[in-house]
Structures are given as structure tokens and as C-alpha cells.
$ cat query_27.cif   # mmCIF, C-alpha atoms
data_query
#
loop_
_atom_site.label_atom_id
_atom_site.label_comp_id
_atom_site.auth_asym_id
_atom_site.auth_seq_id
_atom_site.Cartn_x
_atom_site.Cartn_y
_atom_site.Cartn_z
CA MET A 1 114.81 67.95 180.38
CA LYS A 2 114.94 68.63 176.65
CA LYS A 3 111.70 68.40 174.73
CA PHE A 4 111.42 65.40 172.39
CA SER A 5 111.74 66.26 168.70
CA PRO A 6 110.76 63.67 166.06
CA ASP A 7 113.12 65.33 163.57
CA LYS A 8 116.12 64.33 165.68
CA VAL A 9 115.40 60.60 165.58
CA PRO A 10 117.92 58.96 163.17
CA VAL A 11 116.36 57.46 160.04
CA ASP A 12 118.31 54.21 160.44
CA LEU A 13 116.60 53.71 163.82
CA LEU A 14 113.15 54.64 162.59
CA GLN A 15 112.95 52.39 159.55
CA PRO A 16 113.14 49.02 161.38
CA VAL A 17 110.30 50.20 163.62
CA LEU A 18 108.13 51.62 160.84
CA ASP A 19 108.67 48.49 158.76
CA HIS A 20 106.15 46.70 161.00
CA LEU A 21 103.33 49.11 160.13
CA VAL A 22 100.59 48.48 157.59
CA ARG A 23 100.41 50.83 154.61
CA ARG A 24 97.71 53.08 156.07
CA ASP A 25 99.78 53.66 159.22
CA LEU A 26 102.90 54.26 157.14
CA VAL A 27 101.09 57.08 155.35
CA ALA A 28 100.26 58.62 158.73
CA ALA A 29 103.86 58.18 159.91
CA ALA A 30 105.14 59.99 156.81
CA LEU A 31 103.18 63.08 157.90
CA VAL A 32 104.66 63.28 161.42
CA SER A 33 107.88 65.11 160.57
CA TRP A 34 110.59 65.40 157.95
CA SER A 35 112.61 62.70 159.71
CA PHE A 36 109.65 60.33 159.78
CA ASN A 37 108.90 61.16 156.14
CA ARG A 38 112.43 60.24 155.06
CA ALA A 39 112.14 56.94 156.92
CA ALA A 40 108.60 56.04 155.80
CA THR A 41 108.78 57.02 152.11
CA PRO A 42 111.12 54.18 151.01
CA LEU A 43 108.87 51.70 152.82
CA LEU A 44 105.74 53.10 151.16
CA TYR A 45 107.21 52.60 147.69
CA ARG A 46 108.97 49.29 148.33
CA THR A 47 106.00 47.29 147.02
CA LEU A 48 103.69 48.65 144.31
CA ASP A 49 100.76 47.09 142.50
CA SER A 50 98.02 48.10 140.09
CA HIS A 51 94.30 47.39 140.06
CA ILE A 52 91.13 48.43 138.29
CA LYS A 53 88.27 50.08 140.13
CA THR A 54 84.67 49.09 139.47
CA ASN A 55 84.18 52.02 137.11
CA ASN A 56 87.01 50.82 134.80
CA VAL A 57 89.50 53.29 136.21
CA LEU A 58 93.06 51.95 136.38
CA VAL A 59 94.93 52.78 139.57
CA HIS A 60 98.59 52.47 138.66
CA PRO A 61 101.75 53.83 140.35
CA SER A 62 103.27 54.76 136.98
CA VAL A 63 101.63 58.18 137.15
CA THR A 64 103.42 59.03 140.40
CA LEU A 65 106.73 57.53 139.34
CA LEU A 66 106.81 59.48 136.09
CA GLN A 67 106.04 62.70 137.96
CA ARG A 68 108.55 61.97 140.72
CA PRO A 69 111.19 59.63 139.24
CA GLU A 70 113.38 59.87 142.37
CA LEU A 71 110.88 57.59 144.14
CA ALA A 72 111.55 54.72 141.72
CA GLN A 73 114.83 53.90 143.47
CA TYR A 74 112.84 52.60 146.46
CA VAL A 75 110.76 50.09 144.47
CA TRP A 76 111.71 46.46 145.08
CA ASN A 77 108.49 44.59 144.26
CA VAL A 78 105.83 45.24 141.61
CA THR A 79 102.63 43.54 140.52
CA GLU A 80 101.36 44.18 137.00
CA THR A 81 98.01 43.05 135.65
CA GLY A 82 96.99 42.28 132.10
CA ALA A 83 93.50 43.57 132.80
CA GLY A 84 94.85 47.11 132.81
CA GLN A 85 96.09 46.68 129.27
CA VAL A 86 92.48 46.30 128.10
CA LEU A 87 92.08 50.03 128.77
CA ARG A 88 94.51 50.85 125.96
CA GLN A 89 91.52 51.69 123.80
CA ILE A 90 90.75 54.53 126.21
CA ASP A 91 94.36 55.56 126.73
CA PRO A 92 96.59 54.64 123.72
CA CYS A 93 99.70 55.69 125.68
CA LEU A 94 98.98 53.43 128.66
CA THR A 95 101.50 50.71 127.79
CA GLU A 96 104.23 53.27 127.13
CA SER A 97 103.58 54.95 130.48
CA ILE A 98 103.68 51.66 132.39
CA THR A 99 106.90 50.47 130.78
CA ALA A 100 108.54 53.88 131.14
CA ALA A 101 107.81 53.89 134.88
CA LEU A 102 108.96 50.30 135.23
CA ARG A 103 112.23 51.12 133.50
CA LEU A 104 112.97 53.67 136.24
CA CYS A 105 112.85 50.96 138.95
CA THR A 106 116.51 50.03 138.69
CA ASN A 107 116.53 48.28 142.09
CA LEU A 108 113.59 46.00 141.30
CA VAL A 109 114.11 42.42 142.53
CA SER A 110 110.61 40.90 142.44
CA ALA A 111 107.86 41.04 139.80
CA THR A 112 104.42 39.43 139.64
CA TYR A 113 102.32 39.34 136.49
CA VAL A 114 98.64 38.36 136.69
CA ASP A 115 96.43 38.15 133.60
CA ASP A 116 92.94 36.69 133.23
CA THR A 117 92.35 38.10 129.73
CA ASP A 118 92.45 36.22 126.42
CA THR A 119 95.49 38.16 125.15
CA PRO A 120 98.27 37.68 127.72
CA GLU A 121 101.04 37.60 125.11
CA ALA A 122 100.28 41.09 123.78
CA ASN A 123 99.88 42.39 127.32
CA PHE A 124 102.96 40.74 128.81
CA LEU A 125 105.59 41.19 126.10
CA PRO A 126 106.20 44.96 126.59
CA ILE A 127 106.52 44.44 130.34
CA LEU A 128 108.78 41.42 129.94
CA GLU A 129 111.13 43.32 127.64
CA VAL A 130 111.70 45.83 130.45
CA LEU A 131 112.02 43.16 133.13
CA MET A 132 114.83 41.57 131.11
CA THR A 133 116.93 44.69 131.75
CA LEU A 134 116.40 44.78 135.55
CA PRO A 135 118.19 42.85 138.35
CA LEU A 136 115.22 40.53 138.89
CA LYS A 137 115.49 37.70 141.43
CA ASP A 138 111.87 36.64 141.91
CA LEU A 139 109.34 36.17 139.09
CA THR A 140 105.69 35.08 139.27
CA ILE A 141 103.51 34.55 136.19
CA HIS A 142 99.86 33.61 136.78
CA THR A 143 97.64 33.66 133.68
CA HIS A 144 94.52 31.99 132.32
CA HIS A 145 96.11 31.51 128.90
CA ASP A 146 99.71 30.78 127.99
CA VAL A 147 101.84 33.89 127.45
CA GLY A 148 102.98 32.61 124.05
CA GLU A 149 106.09 31.39 122.30
CA GLN A 150 107.61 34.85 121.82
CA ALA A 151 107.42 35.57 125.54
CA TRP A 152 108.89 32.18 126.39
CA ALA A 153 111.74 32.75 123.96
CA LEU A 154 112.65 35.82 126.04
CA LEU A 155 112.09 34.08 129.37
CA ASN A 156 114.47 31.31 128.35
CA LYS A 157 117.25 33.92 128.23
CA MET A 158 116.64 35.31 131.73
CA LYS A 159 119.34 34.61 134.32
CA GLY A 160 119.72 35.05 138.06
CA ILE A 161 116.19 34.01 139.11
CA ARG A 162 115.98 32.54 142.63
CA HIS A 163 112.20 32.20 143.04
CA LEU A 164 110.01 31.27 140.08
CA SER A 165 106.28 30.56 139.88
CA VAL A 166 104.51 29.75 136.60
CA TRP A 167 100.77 28.94 136.55
CA THR A 168 98.56 28.70 133.48
CA LEU A 169 95.00 27.78 134.38
CA ASP A 170 93.47 27.16 130.99
CA TRP A 171 94.73 27.21 127.42
CA GLY A 172 98.29 26.50 126.44
CA PRO A 173 100.92 23.77 126.59
CA PRO A 174 102.56 22.78 129.89
CA ARG A 175 105.74 24.68 130.64
CA VAL A 176 108.34 22.75 132.62
CA LEU A 177 111.44 24.93 131.99
CA GLN A 178 112.83 22.98 129.04
CA GLY A 179 115.47 25.21 127.50
CA TRP A 180 115.57 27.46 130.60
CA ALA A 181 116.80 25.09 133.31
CA ASP A 182 120.46 25.42 132.30
CA LEU A 183 120.44 29.19 132.91
CA LEU A 184 118.48 28.82 136.15
CA SER A 185 120.73 26.10 137.55
CA PRO A 186 123.21 28.36 139.44
CA THR A 187 120.53 30.35 141.31
CA LEU A 188 117.05 28.78 141.44
CA THR A 189 116.03 27.66 144.96
CA HIS A 190 112.20 28.00 144.92
CA LEU A 191 109.97 26.76 142.10
CA GLU A 192 106.23 26.43 141.42
CA LEU A 193 105.01 24.76 138.23
CA GLY A 194 101.25 24.85 137.97
CA LYS A 195 100.75 22.91 134.76
CA CYS A 196 102.68 19.67 134.32
CA ALA A 197 99.88 17.30 133.29
CA GLY A 198 100.77 15.25 130.23
CA VAL A 199 104.52 15.79 130.49
CA PRO A 200 106.42 12.47 130.45
CA PRO A 201 108.27 11.79 133.73
CA THR A 202 111.54 11.36 131.83
CA ILE A 203 111.36 14.98 130.65
CA LEU A 204 110.55 16.21 134.16
CA ILE A 205 113.48 14.29 135.61
CA SER A 206 115.85 15.62 132.94
CA VAL A 207 114.82 19.18 133.88
CA PHE A 208 115.17 18.71 137.64
CA LEU A 209 118.58 17.12 137.25
CA LYS A 210 119.72 20.59 136.18
CA LEU A 211 118.30 22.30 139.28
CA PRO A 212 120.28 20.85 142.20
CA LEU A 213 119.93 23.98 144.38
CA LEU A 214 116.14 23.72 144.67
CA ARG A 215 114.96 23.84 148.28
CA ASP A 216 111.24 24.53 147.87
CA LEU A 217 109.14 22.86 145.15
CA ARG A 218 105.43 22.93 144.32
CA LEU A 219 104.08 20.84 141.45
CA LYS A 220 100.64 20.35 139.92
CA GLY A 221 99.79 17.58 137.49
CA VAL A 222 102.91 15.46 137.98
CA PRO A 223 102.29 11.67 138.12
CA SER A 224 102.60 10.46 141.71
CA ALA A 225 104.95 7.67 140.64
CA ALA A 226 107.45 10.25 139.38
CA ILE A 227 107.69 12.23 142.63
CA PRO A 228 110.31 10.03 144.37
CA ALA A 229 112.51 10.07 141.26
CA ILE A 230 112.21 13.85 141.05
CA MET A 231 113.08 14.20 144.73
CA ALA A 232 116.19 12.08 144.20
CA CYS A 233 117.43 14.73 141.73
CA LEU A 234 117.19 17.46 144.38
CA PRO A 235 119.58 16.83 147.29
CA ASN A 236 118.84 20.20 148.93
CA LEU A 237 115.04 19.94 148.85
CA VAL A 238 113.41 20.69 152.23
CA ALA A 239 109.83 21.65 151.21
CA LEU A 240 107.54 19.78 148.80
CA ASP A 241 103.94 20.59 147.81
CA THR A 242 102.49 18.06 145.39
CA GLU A 243 99.41 16.08 144.40
CA TYR A 244 98.58 12.43 144.85
CA SER A 245 96.70 11.39 141.74
CA GLY A 246 96.36 7.63 142.01
CA SER A 247 97.85 4.27 142.84
CA GLY A 248 100.69 2.58 141.03
CA ASN A 249 103.99 0.81 141.44
CA TYR A 250 106.27 3.14 143.39
CA ARG A 251 109.75 1.75 142.93
CA MET A 252 112.10 3.86 144.96
CA PRO A 253 115.16 5.29 143.18
CA SER A 254 118.60 4.05 144.24
CA THR A 255 119.71 7.62 145.02
CA PRO A 256 118.79 8.61 148.60
CA LEU A 257 115.87 11.01 148.92
CA PRO A 258 116.40 14.41 150.57
CA ALA A 259 115.22 14.96 154.14
CA LEU A 260 112.00 16.94 153.87
CA GLN A 261 111.10 19.43 156.57
CA ARG A 262 107.73 20.47 155.11
CA LEU A 263 105.39 18.21 153.11
CA THR A 264 102.03 19.19 151.62
CA VAL A 265 99.90 16.58 149.83
CA ARG A 266 96.77 17.44 147.83
CA THR A 267 94.32 14.71 146.89
CA GLY A 268 90.70 13.69 146.51
CA SER A 269 88.75 10.47 146.66
CA VAL A 270 85.27 8.99 146.38
CA ASP A 271 86.06 6.72 149.33
CA VAL A 272 86.47 8.11 152.86
CA LEU A 273 89.41 5.75 153.33
CA GLY A 274 91.35 7.88 150.86
CA PRO A 275 92.96 6.97 147.53
CA GLU A 276 94.52 3.55 147.32
CA GLN A 277 98.18 3.52 148.42
CA LEU A 278 98.08 7.20 149.53
CA TRP A 279 99.45 6.51 152.98
CA THR A 280 102.16 4.11 151.79
CA TRP A 281 103.20 6.61 149.13
CA THR A 282 103.32 9.47 151.65
CA ARG A 283 105.49 7.45 154.01
CA SER A 284 107.85 6.61 151.14
CA LEU A 285 108.62 10.32 150.73
CA LEU A 286 109.80 10.49 154.35
CA PRO A 287 112.53 7.83 154.77
CA HIS A 288 114.58 9.94 157.19
CA THR A 289 113.87 10.11 160.91
CA GLY A 290 113.51 13.35 162.87
CA PHE A 291 113.45 15.96 160.07
CA LEU A 292 109.80 16.64 159.19
CA GLN A 293 108.48 19.80 160.87
CA SER A 294 105.18 20.30 159.03
CA PHE A 295 102.72 17.88 157.45
CA THR A 296 99.73 19.31 155.56
CA LEU A 297 96.98 17.37 153.79
CA ASN A 298 94.44 19.11 151.55
CA SER A 299 91.85 16.48 150.72
CA PHE A 300 88.22 15.80 149.99
CA ALA A 301 86.06 12.69 149.83
CA VAL A 302 82.80 12.64 147.91
CA ASN A 303 81.01 10.43 150.41
CA GLY A 304 82.15 12.19 153.58
CA GLN A 305 85.31 13.30 155.33
CA MET A 306 88.47 11.36 154.57
CA THR A 307 89.68 9.25 157.48
CA ILE A 308 93.40 9.08 158.32
CA PRO A 309 94.26 5.52 159.43
CA TRP A 310 95.71 4.87 162.85
CA PRO A 311 98.84 3.04 161.55
CA PHE A 312 99.83 6.13 159.55
CA ILE A 313 99.60 8.25 162.71
CA VAL A 314 101.70 5.74 164.65
CA SER A 315 104.33 5.60 161.91
CA LEU A 316 104.51 9.38 161.54
CA ALA A 317 104.81 9.96 165.29
CA ARG A 318 107.43 7.24 165.63
CA LYS A 319 109.71 8.58 162.91
CA GLN A 320 109.00 12.32 163.02
CA GLY A 321 107.71 12.88 166.55
CA GLU A 322 110.79 14.71 167.80
CA SER A 323 110.75 17.24 164.94
CA LEU A 324 107.04 17.61 164.05
CA ARG A 325 105.66 21.08 164.82
CA GLU A 326 102.57 21.27 162.60
CA PHE A 327 99.99 18.64 161.65
CA ALA A 328 97.27 20.25 159.52
CA VAL A 329 94.94 17.93 157.61
CA GLY A 330 91.95 20.26 157.19
CA VAL A 331 88.65 18.40 157.38
CA ALA A 332 90.26 14.95 157.24
CA GLN A 333 89.09 12.82 160.16
CA LEU A 334 91.19 11.68 163.11
CA THR A 335 90.01 9.64 166.07
CA LEU A 336 90.41 10.89 169.62
CA ASP A 337 93.03 8.16 170.07
CA SER A 338 94.99 9.49 167.07
CA ILE A 339 94.91 13.02 168.45
CA SER A 340 96.04 11.78 171.83
CA HIS A 341 98.85 9.76 170.25
CA LEU A 342 100.14 12.78 168.33
CA CYS A 343 100.04 15.02 171.40
CA LEU A 344 101.86 12.46 173.57
CA ASN A 345 104.49 11.43 171.04
CA CYS A 346 105.20 14.78 169.35
CA PRO A 347 106.42 16.94 172.25
CA GLY A 348 107.06 19.96 170.02
CA LEU A 349 103.66 19.92 168.26
CA GLU A 350 102.40 23.52 168.12
CA THR A 351 99.62 23.38 165.49
CA LEU A 352 96.92 20.74 165.08
CA VAL A 353 94.14 21.06 162.48
CA CYS A 354 91.74 18.19 161.73
CA SER A 355 88.20 16.84 162.07
CA VAL A 356 87.15 14.63 164.93
CA ALA A 357 84.05 12.85 166.21
CA SER A 358 83.56 13.39 169.93
CA PRO A 359 80.79 12.98 172.49
CA SER A 360 81.90 15.98 174.58
CA VAL A 361 84.36 18.79 175.16
CA ALA A 362 85.81 16.81 178.04
CA SER A 363 86.77 13.98 175.66
CA ILE A 364 88.63 16.44 173.41
CA SER A 365 90.32 17.99 176.44
CA LYS A 366 91.51 14.58 177.57
CA ALA A 367 92.84 13.76 174.08
CA ILE A 368 94.95 16.93 173.82
CA LYS A 369 96.14 16.88 177.43
CA GLY A 370 99.61 15.70 176.41
CA GLY A 371 100.07 18.55 173.92
CA GLU A 372 101.97 20.89 176.20
CA ALA A 373 103.45 22.81 173.26
CA LEU A 374 100.13 23.33 171.45
CA ARG A 375 99.52 26.93 170.45
CA THR A 376 96.95 26.52 167.65
CA LEU A 377 94.10 24.00 167.83
CA ASN A 378 91.53 23.99 165.02
CA LEU A 379 89.05 21.12 165.20
CA HIS A 380 86.02 20.48 162.99
CA VAL A 381 83.91 18.56 165.48
CA SER A 382 81.09 16.12 164.72
CA TRP A 383 79.26 15.67 168.02
CA THR A 384 78.21 12.10 168.76
CA GLN A 385 76.37 10.33 171.52
CA THR A 386 78.41 9.03 174.42
CA GLY A 387 79.82 5.60 173.64
CA VAL A 388 79.44 5.89 169.86
CA VAL A 389 83.09 6.71 169.20
CA GLU A 390 85.02 3.43 169.17
CA ARG A 391 88.60 3.18 170.29
CA PHE A 392 91.42 1.06 168.94
CA THR A 393 92.15 -2.06 170.93
CA PRO A 394 95.66 -2.91 172.23
CA ASP A 395 95.92 -5.91 169.93
CA PHE A 396 95.67 -3.74 166.80
CA ASP A 397 98.34 -5.09 164.45
CA VAL A 398 101.10 -2.59 163.64
CA ASP A 399 104.41 -3.71 162.15
CA ALA A 400 107.93 -2.58 163.08
CA PHE A 401 107.55 0.45 160.84
CA GLY A 402 104.23 1.41 162.38
CA TYR A 403 102.17 0.28 159.39
CA SER A 404 100.60 -2.92 158.16
CA GLU A 405 98.43 -2.77 155.04
CA SER A 406 97.55 -6.46 155.17
CA SER A 407 95.92 -6.30 158.61
CA LEU A 408 94.69 -2.72 158.39
CA LYS A 409 91.29 -2.13 159.97
CA TYR A 410 89.45 1.10 159.40
CA PHE A 411 86.82 2.54 161.66
CA ASP A 412 84.50 4.91 159.85
CA TYR A 413 84.19 8.13 161.81
CA SER A 414 83.33 10.16 158.76
CA HIS A 415 80.30 12.43 158.79
CA PRO A 416 78.93 14.63 156.03
CA ALA A 417 80.14 18.17 156.54
CA ASN A 418 76.61 19.50 156.89
CA GLN A 419 76.08 17.42 160.03
CA SER A 420 78.80 19.30 161.88
CA ARG A 421 78.20 22.54 163.67
CA ASN A 422 80.42 25.27 165.04
CA VAL A 423 80.53 25.57 168.81
CA HIS A 424 82.09 28.55 170.55
CA PHE A 425 83.32 28.27 174.14
CA SER A 426 83.74 30.99 176.71
CA LYS A 427 86.98 31.47 178.65
CA ASP A 428 85.43 29.86 181.72
CA GLU A 429 84.39 26.80 179.70
CA ALA A 430 87.87 26.52 178.25
CA LYS A 431 89.38 26.63 181.73
CA GLU A 432 86.96 23.97 182.96
CA SER A 433 88.00 21.68 180.11
CA ASP A 434 91.56 21.53 181.54
CA ALA A 435 93.02 22.37 178.12
CA PRO A 436 96.85 22.75 178.00
CA THR A 437 98.22 26.18 178.73
CA GLY A 438 99.06 28.31 175.71
CA LEU A 439 95.92 27.46 173.73
#
$ encode --input "query_27.cif" --output "C-alpha cells"
Amino acid sequence: MKKFSPDKVPVDLLQPVLDHLVRRDLVAAALVSWSFNRAATPLLYRTLDSHIKTNNVLVHPSVTLLQRPELAQYVWNVTETGAGQVLRQIDPCLTESITAALRLCTNLVSATYVDDTDTPEANFLPILEVLMTLPLKDLTIHTHHDVGEQAWALLNKMKGIRHLSVWTLDWGPPRVLQGWADLLSPTLTHLELGKCAGVPPTILISVFLKLPLLRDLRLKGVPSAAIPAIMACLPNLVALDTEYSGSGNYRMPSTPLPALQRLTVRTGSVDVLGPEQLWTWTRSLLPHTGFLQSFTLNSFAVNGQMTIPWPFIVSLARKQGESLREFAVGVAQLTLDSISHLCLNCPGLETLVCSVASPSVASISKAIKGGEALRTLNLHVSWTQTGVVERFTPDFDVDAFGYSESSLKYFDYSHPANQSRNVHFSKDEAKESDAPTGL
């Protein structure tokens, strides 16, 4: 039998295997043999970023790329930081070195720029001028201050972007792609806009009318009343992440809404019952039956944990039960009956995250017994005395759509977060609880 030689393993077979390794293991793999080195090196340089050490030393890949320019062909993704530009007083040639190295990355498809300084425009412009010359498909800009009019004048000329994320946390006007949407129209499928507060809905709608290929959308600061109208502009939309900011008159547009597969709602309230009209508004975004795969709620209530009403659970399970795979509402409160209803009526449910009040582990086990597909169960449990947790009675009034605001009764199972405690169970205890297999 011939002795195994790592050098004889074809590179095209090695790379798919090595691609699963973390960076530290890739470095070790590159030292095994010449064959492994040829396979691991492109993976090591596929994604590069820069950071500053605690002693104000910038660690940047530009030094290596300028010394070995042949490695730049492997770079697909880069992350640049404005904080590094602050060190220009120490190294006057720093910006020139960074842009020179970036210019060598002719196969670059994704760039992320992060800047928490007060001068993002001066820091970003030299980098942006180089990015304009590269075959960029994905662009992320996260800054504390707006990058400035000169930078946006250049951005508005950029074509071919498929994924775009723009977040400005502090100073600067909202940027909603006015003047850029026309060029992005043929390619843009994923969009995040982190500062839309104060923009009239008519302007937002006029922008989204030019982006019909959008499939994934995340918005911050958009009036809740404008969300259905925006959705109606996007026939291919399958994922929406948005805020609910208050009640209002939600007149549905005449154009049919797209069938969402993933919906994330972010909201807050003083009342544990949640913001007024939240549940009606959420249901209005999901007119189609059997499409939603993931529902996520990120919420908080000042006076306790937000409670999700039983009629909303019934409605969601009735319309989306066959398709729903993930129900993650964080610390929002469900009753044991609601959990049981989801598990019984959503046969494909794999992930369940919520808060619950329960007198015992056995009660939780009984509630999730119908969840045969469950793989992830994350419960924030408030332990109560036996008999304290009320259950819904059979005569609870639910209309044909699974919801009835007029007769809605809420049971308050909310508890301040500091009254909950983490409980860890052994394998034997888990088996005794008769939990579904796969958990």
C-alpha cells in the first residue's frame, strides 16, 4: 500500500473541506504541505479587516498586500474602519498605503466601512474613490455621523449593488436613496436603511417604486402606517424587518401585498398589553396563508414583560401553521395554552423562544408535547405556585379570522424580569419531563 502524501491531494478537493475551518485552523492547514498551502491561502485572504490594538497600533492587511501583491487576487471581502485614519498624524502615508492595497483587490465584491469618529467624510472619501473602480456587489456603511454630501454624490453614481446597508446613528440627514434608486433598480435585492425618521411616506414610496427586485428589507424610523404601502411596491419581498411605532389608521393599499416568509417586528410599550393596534397591524402584513416561516418580535414593556394575546396566536397558527418554522418573541409572555396551541397547530415548528409563567417543569413538558419538530426551545420561565396560572376557557370569543378586538380579554401573566431565575436541568431530569425527541 502506497504511503499517503498530502502533496498529492488535488487543490480543488481540498478547498471545499478547508472552507469549513476557522481562521486559526486554516493557518495550521497552510503549514501542512505545499498542496495544503495552495488550497488554504486563498481562503485565508478571502476576507480581510482592520482593527486597532489597545496601544493605538493599527493592524491592517495593507502591509502584507503591498509586500505580496499576488495575494490581493484572493480578496473578496474587506472591512475598513475610520478609527484607523486617526493615526494619520503618526503615519502621514497611512491613507495612501490603505488605498494602494485596496486598489490591488481587483476581485473585491463586498466592502464594509465602520466609523465612530467625528470626521467620517475625510476618512471615507479616499476609500470610496477606490471602491468606485472595483466590481463591488455588497456595500455596508455604518457611521456615527453622516459621510457628507461629497461622498453621497459619488455613491449616487455607483451601479451593480445587490446588498446595501446604510446606518447613521447620530448627526446627519436621513438617507433614503433619493437620486440613487434609479441606478440600483436593476440589481438591488437586499436593503437596510437605518435612519428614515422624518422622511415623508410619499418620498419613501416613490423610492421603493424604483426597487421592484427587493427581497429583503430592514427599515428604522419609518411610520408604521406607511409599511403596507411600501410593501405593495415590492412584489418580490420575502423578508421584512421593521418597527412598530404607534397606532393609526392603516388603510390597506389596493395592490396586493407580497407573501412574506420572514417577519421581524421591533417595538416598545409602557403597557404589558403592547402598543395599541400592534397585533392588528402585524396581521395586516400577513394576508396570505401558508407562507410565513419565521416570526420574530423584539419588544420591551416598562411595567413588565409584554403579553402576546391568545387571539393573535390562534390567528397566526390558523393561517401560517403549515409553514411556520420559527416563533421567537424574546422575553414577550405566552401562556402555557398558547405554547401548546403553537406546538399542536404548527407541525413544522423547529424554534420557539418566549417567556412563560409555569408552576412546574411538568407543565412546560405537557405544553410542548405536540412539538415533534422542535429543535430549539428557549424559555424565560417565571415560576408560579400551582393553580396560579389561569387557562383560557372554551367560550373565549374568537372570530372567523381568529381575532376579535371587541371581545378581547387579556390575562396578565407578566412578571418583572428580576423575579425570574435561570434553572438548569440534567439529562435525567429532561428525560423524566417527557420532552419531545430532538430537543
$ residues_near_point --input "query_27.cif" --point "(115.8, 28.6, 141.8)" --cutoff "8 Å" --atoms "all atoms listed in the file" --output "MDAnalysis selection string"
chainID A and resid 161:164 184:191 211 213:214
$ write_last_selection --input "query_27.cif" --atoms "C-alpha atoms" --output "CSV table (one decimal), keeping the file's coordinate frame"
chain,number,residue,atom,x,y,z
A,161,ILE,CA,116.2,34.0,139.1
A,162,ARG,CA,116.0,32.5,142.6
A,163,HIS,CA,112.2,32.2,143.0
A,164,LEU,CA,110.0,31.3,140.1
A,184,LEU,CA,118.5,28.8,136.2
A,185,SER,CA,120.7,26.1,137.6
A,186,PRO,CA,123.2,28.4,139.4
A,187,THR,CA,120.5,30.4,141.3
A,188,LEU,CA,117.0,28.8,141.4
A,189,THR,CA,116.0,27.7,145.0
A,190,HIS,CA,112.2,28.0,144.9
A,191,LEU,CA,110.0,26.8,142.1
A,211,LEU,CA,118.3,22.3,139.3
A,213,LEU,CA,119.9,24.0,144.4
A,214,LEU,CA,116.1,23.7,144.7
$ resolve_selection --input "query_27.cif" --expression "the PyMOL selection byres ((chain A and resi 339) around 9)" --output "number ranges by chain"
A: 313, 334-338, 340-344, 352, 356, 364, 367-368
$ resolve_selection --input "query_27.cif" --expression "the PyMOL selection byres ((chain A and resi 128-136) around 7)" --output "ChimeraX atom specification"
/A:99,103,106-110,124-127,137-138,158,161
$ write_last_selection --input "query_27.cif" --atoms "C-alpha atoms" --output "PDB file, in the frame of the given file"
ATOM      1  CA  THR A  99     106.900  50.470 130.780  1.00  0.00           C
ATOM      2  CA  ARG A 103     112.230  51.120 133.500  1.00  0.00           C
ATOM      3  CA  THR A 106     116.510  50.030 138.690  1.00  0.00           C
ATOM      4  CA  ASN A 107     116.530  48.280 142.090  1.00  0.00           C
ATOM      5  CA  LEU A 108     113.590  46.000 141.300  1.00  0.00           C
ATOM      6  CA  VAL A 109     114.110  42.420 142.530  1.00  0.00           C
ATOM      7  CA  SER A 110     110.610  40.900 142.440  1.00  0.00           C
ATOM      8  CA  PHE A 124     102.960  40.740 128.810  1.00  0.00           C
ATOM      9  CA  LEU A 125     105.590  41.190 126.100  1.00  0.00           C
ATOM     10  CA  PRO A 126     106.200  44.960 126.590  1.00  0.00           C
ATOM     11  CA  ILE A 127     106.520  44.440 130.340  1.00  0.00           C
ATOM     12  CA  LYS A 137     115.490  37.700 141.430  1.00  0.00           C
ATOM     13  CA  ASP A 138     111.870  36.640 141.910  1.00  0.00           C
ATOM     14  CA  MET A 158     116.640  35.310 131.730  1.00  0.00           C
ATOM     15  CA  ILE A 161     116.190  34.010 139.110  1.00  0.00           C
TER      16      ILE A 161
END
$ resolve_selection --input "query_27.cif" --expression "the PyMOL selection byres ((chain A and resi 194) around 8)" --output "ChimeraX atom specification"
/A:165-169,192-193,195-196,218-221
$ atom_distance --input "query_27.cif" --atom1 "atom CA of A:Thr242" --atom2 "atom CA of A:Pro201"
14.4 Å
$ closest_residue --input "query_27.cif" --among "A:Leu18, A:Pro212, A:Arg23, A:Pro287" --to "A:Leu316" --atoms "all atoms listed in the file"
A:Pro287
$ residues_around --input "query_27.cif" --residues "stretch 229-240 of chain A" --least-positions-apart "2" --cutoff "9 Å" --atoms "all atoms listed in the file" --output "MDAnalysis selection string"
chainID A and resid 189 201 204:206 208:219 225:227 242 251:265 285 292
